[in-house]
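Student: For reference, the file run_38.csv (CSV, C-alpha atoms and all ligand atoms) is included below:
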chain,number,residue,atom,x,y,z
C,27,MET,CA,-66.1,193.4,-123.6
C,28,HIS,CA,-69.0,191.1,-123.1
C,29,GLU,CA,-69.9,191.3,-126.7
C,30,VAL,CA,-67.3,188.6,-127.3
C,31,SER,CA,-69.2,186.1,-125.1
C,32,ILE,CA,-72.4,187.1,-126.9
C,33,ALA,CA,-70.7,186.5,-130.3
C,34,GLN,CA,-69.6,183.1,-128.9
C,35,GLU,CA,-73.2,182.3,-128.0
C,36,ILE,CA,-74.3,183.2,-131.6
C,37,ILE,CA,-71.6,181.0,-133.0
C,38,ASP,CA,-72.7,178.1,-130.7
C,39,ILE,CA,-76.2,178.5,-132.0
C,40,VAL,CA,-75.0,178.5,-135.6
C,41,ASN,CA,-72.9,175.5,-135.1
C,42,GLU,CA,-75.9,173.6,-133.9
C,43,TYR,CA,-77.2,173.8,-137.5
C,44,LEU,CA,-73.9,172.7,-139.0
C,45,PRO,CA,-73.4,170.9,-141.2
C,46,SER,CA,-76.6,171.7,-143.1
C,47,GLU,CA,-78.5,168.8,-144.6
C,48,ASN,CA,-76.8,169.1,-147.9
C,49,GLY,CA,-73.5,170.3,-146.6
C,50,ASN,CA,-73.9,173.9,-147.5
C,51,THR,CA,-71.9,176.6,-145.9
C,52,VAL,CA,-73.3,179.5,-143.9
C,53,LYS,CA,-73.6,182.7,-145.8
C,54,THR,CA,-75.3,185.1,-143.3
C,55,VAL,CA,-76.5,185.1,-139.8
C,56,LYS,CA,-79.2,187.5,-138.8
C,57,VAL,CA,-79.7,188.6,-135.2
C,58,ASP,CA,-82.1,190.9,-133.4
C,59,ILE,CA,-80.4,193.1,-130.9
C,60,GLY,CA,-82.5,195.2,-128.6
C,61,GLU,CA,-81.4,198.8,-128.4
C,62,PHE,CA,-81.3,198.5,-124.6
C,63,SER,CA,-79.8,195.1,-124.5
C,64,ASN,CA,-76.5,196.7,-123.5
C,65,ILE,CA,-74.8,195.1,-126.6
C,66,LEU,CA,-72.8,197.4,-128.9
C,67,PRO,CA,-73.5,196.2,-132.5
C,68,GLU,CA,-70.0,197.3,-133.6
C,69,ALA,CA,-68.3,195.4,-130.8
C,70,LEU,CA,-70.5,192.4,-131.5
C,71,SER,CA,-69.6,192.4,-135.2
C,72,PHE,CA,-65.9,192.8,-134.3
C,73,GLY,CA,-66.1,189.9,-131.8
C,74,PHE,CA,-67.9,187.7,-134.3
C,75,GLU,CA,-65.3,188.4,-136.9
C,76,VAL,CA,-62.4,187.7,-134.6
C,77,LEU,CA,-63.9,184.5,-133.2
C,78,THR,CA,-64.8,183.1,-136.7
C,79,CYS,CA,-61.6,184.1,-138.6
C,80,ASN,CA,-60.0,180.7,-138.0
C,81,SER,CA,-63.1,178.6,-138.3
C,82,GLU,CA,-65.4,177.3,-140.9
C,83,LEU,CA,-67.6,180.3,-140.3
C,84,LYS,CA,-64.9,182.6,-141.6
C,85,GLY,CA,-66.3,185.3,-143.8
C,86,VAL,CA,-69.9,184.8,-142.6
C,87,GLU,CA,-71.8,188.1,-142.5
C,88,LEU,CA,-73.4,189.0,-139.3
C,89,ILE,CA,-76.5,191.1,-140.0
C,90,ILE,CA,-77.7,193.0,-136.9
C,91,ASN,CA,-81.3,194.2,-136.7
C,92,LYS,CA,-81.8,196.7,-134.0
C,93,ILE,CA,-85.0,196.4,-132.1
C,94,PRO,CA,-86.4,199.6,-130.5
C,95,LEU,CA,-87.4,199.6,-126.9
C,96,MET,CA,-91.1,199.2,-126.5
C,97,ILE,CA,-93.2,199.2,-123.3
C,98,GLY,CA,-96.8,198.3,-122.8
C,99,CYS,CA,-98.9,200.0,-120.1
C,100,LYS,CA,-100.7,197.6,-117.8
C,101,ASN,CA,-103.0,200.4,-116.7
C,102,CYS,CA,-104.3,201.8,-120.0
C,103,GLY,CA,-102.9,199.4,-122.6
C,104,LYS,CA,-101.0,202.1,-124.5
C,105,ARG,CA,-97.8,200.9,-126.2
C,106,THR,CA,-94.9,203.4,-126.3
C,107,GLN,CA,-91.6,203.3,-128.1
C,108,LEU,CA,-89.0,204.8,-125.9
C,109,GLU,CA,-86.0,206.8,-126.9
C,110,GLU,CA,-84.6,206.8,-123.4
C,111,PRO,CA,-85.2,204.2,-120.7
C,112,PHE,CA,-87.7,206.1,-118.7
C,113,PHE,CA,-90.3,203.5,-117.9
C,114,PHE,CA,-93.5,205.5,-117.8
C,115,CYS,CA,-96.6,205.3,-120.0
C,116,SER,CA,-96.7,208.2,-122.4
C,117,LYS,CA,-100.5,208.4,-122.1
C,118,CYS,CA,-101.4,208.0,-118.4
C,119,GLU,CA,-97.9,208.3,-117.0
C,120,SER,CA,-98.3,205.0,-115.0
C,121,ALA,CA,-95.1,203.3,-114.1
C,122,ASP,CA,-96.9,199.9,-114.2
C,123,VAL,CA,-95.5,199.0,-117.5
C,124,GLU,CA,-93.9,195.9,-119.0
C,125,ILE,CA,-91.1,195.7,-121.5
C,126,LEU,CA,-92.3,194.3,-124.8
C,127,SER,CA,-89.1,194.5,-126.8
C,128,GLY,CA,-85.7,196.2,-126.9
C,129,ILE,CA,-83.7,194.0,-124.5
C,130,GLU,CA,-83.5,190.9,-126.6
C,131,MET,CA,-80.6,189.1,-128.3
C,132,LYS,CA,-81.7,186.3,-130.6
C,133,VAL,CA,-80.6,184.6,-133.8
C,134,THR,CA,-83.5,185.0,-136.2
C,135,GLU,CA,-82.2,183.5,-139.4
C,136,ILE,CA,-79.3,181.5,-140.7
C,137,GLU,CA,-78.8,181.6,-144.5
C,138,PHE,CA,-76.8,179.0,-146.3
C,139,ASN,CA,-75.0,179.3,-149.6
C,140,ASP,CA,-76.8,177.4,-152.3
C,141,GLU,CA,-74.0,175.3,-153.6
C,142,LYS,CA,-71.3,173.4,-151.8
C,143,GLU,CA,-67.9,174.9,-152.4
Z,201,ZN,ZN,-100.9,204.1,-119.5
Can you present the structure in this file as structure tokens?
Ligand SMILES: [Zn+2]
Tutor:
Amino acid sequence: MHEVSIAQEIIDIVNEYLPSENGNTVKTVKVDIGEFSNILPEALSFGFEVLTCNSELKGVELIINKIPLMIGCKNCGKRTQLEEPFFFCSKCESADVEILSGIEMKVTEIEFNDEKE
């Protein structure tokens, strides 16, 4: 289950911001997960929970924002959102396309609790 190592990466990123300037604790962590990043959100949530349950990040909510797969055609410029990973332009059917989104995994926001507990 590679989601555990992804969860660990997220935790490492969050830990870089700890402690916050005024010592506040982390409340939520938001991540963008591409629908074709090969990461299962449920498995990622589970891995995150397991890895944090004995740490200062215990109880932190991981909010997963799924990013659809988008390609851009280098031939005609058309942008297409794909339901399946068939990498052809929907307009001119060119295969000369680039992936714009949908394969990423990134931490977008770390929210801290307002008051120190
Ligand atoms: Zn095209």
Student: Give me, as a list in words, all polymer residues having an atom no more than 10 Å from Ile65 in chain C, counting all atoms listed in the file and skipping those fewer than 6 positions away in the same chain.
Tutor: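 Returned residues: Met27, His28, Glu29, Val30, Ile32, Ile59, Ile129, Glu130 and Met131 of chain C.
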Student: Taking into account only C-alpha atoms and all ligand atoms, which residue in the set C:Thr134, C:Ser120, C:Asn64, C:Asn139 is nearest to ligand ZN 201 (chain Z)?
Tutor: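 Among the listed residues, C:Ser120 lies closest to ligand ZN 201 (chain Z).
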Student: Rank nothing, just name the residue among C:Gln34, C:Thr54, C:Thr106, C:Asn48 nearest to ligand ZN 201 (chain Z), using only C-alpha atoms and all ligand atoms.
Tutor: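 For ligand ZN 201 (chain Z), the nearest of the candidates is C:Thr106.
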Student: Measuring between all atoms listed in the file, which one of C:Ile89, C:Leu108, C:Ala121, C:Cys115 shows the shortest distance to Glu75 in chain C?
Tutor: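 Nearest candidate to Glu75 in chain C out of C:Ile89, C:Leu108, C:Ala121, C:Cys115: C:Ile89.
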Student: Please identify all protein, DNA and RNA residues within 8 Å of ligand ZN 201 (chain Z), counting only C-alpha atoms and all ligand atoms, and report them as a ChimeraX atom specification.
Tutor: /C:98-104,114-123
Student: Write the selection just made, keeping C-alpha atoms, as a PDB file, in the frame of the given file?
Tutor:
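Heads up, here's the output in selection.pdb:
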ATOM      1  CA  GLY C  98     -96.800 198.300-122.800  1.00  0.00           C
ATOM      2  CA  CYS C  99     -98.900 200.000-120.100  1.00  0.00           C
ATOM      3  CA  LYS C 100    -100.700 197.600-117.800  1.00  0.00           C
ATOM      4  CA  ASN C 101    -103.000 200.400-116.700  1.00  0.00           C
ATOM      5  CA  CYS C 102    -104.300 201.800-120.000  1.00  0.00           C
ATOM      6  CA  GLY C 103    -102.900 199.400-122.600  1.00  0.00           C
ATOM      7  CA  LYS C 104    -101.000 202.100-124.500  1.00  0.00           C
ATOM      8  CA  PHE C 114     -93.500 205.500-117.800  1.00  0.00           C
ATOM      9  CA  CYS C 115     -96.600 205.300-120.000  1.00  0.00           C
ATOM     10  CA  SER C 116     -96.700 208.200-122.400  1.00  0.00           C
ATOM     11  CA  LYS C 117    -100.500 208.400-122.100  1.00  0.00           C
ATOM     12  CA  CYS C 118    -101.400 208.000-118.400  1.00  0.00           C
ATOM     13  CA  GLU C 119     -97.900 208.300-117.000  1.00  0.00           C
ATOM     14  CA  SER C 120     -98.300 205.000-115.000  1.00  0.00           C
ATOM     15  CA  ALA C 121     -95.100 203.300-114.100  1.00  0.00           C
ATOM     16  CA  ASP C 122     -96.900 199.900-114.200  1.00  0.00           C
ATOM     17  CA  VAL C 123     -95.500 199.000-117.500  1.00  0.00           C
TER      18      VAL C 123
END
Student: What does the distance between CA of Thr78 in chain C and CA of Thr51 in chain C come to in Å, to one decimal place?
Tutor: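 So the two atoms, CA of Thr78 in chain C and CA of Thr51 in chain C, lie 13.3 Å apart.
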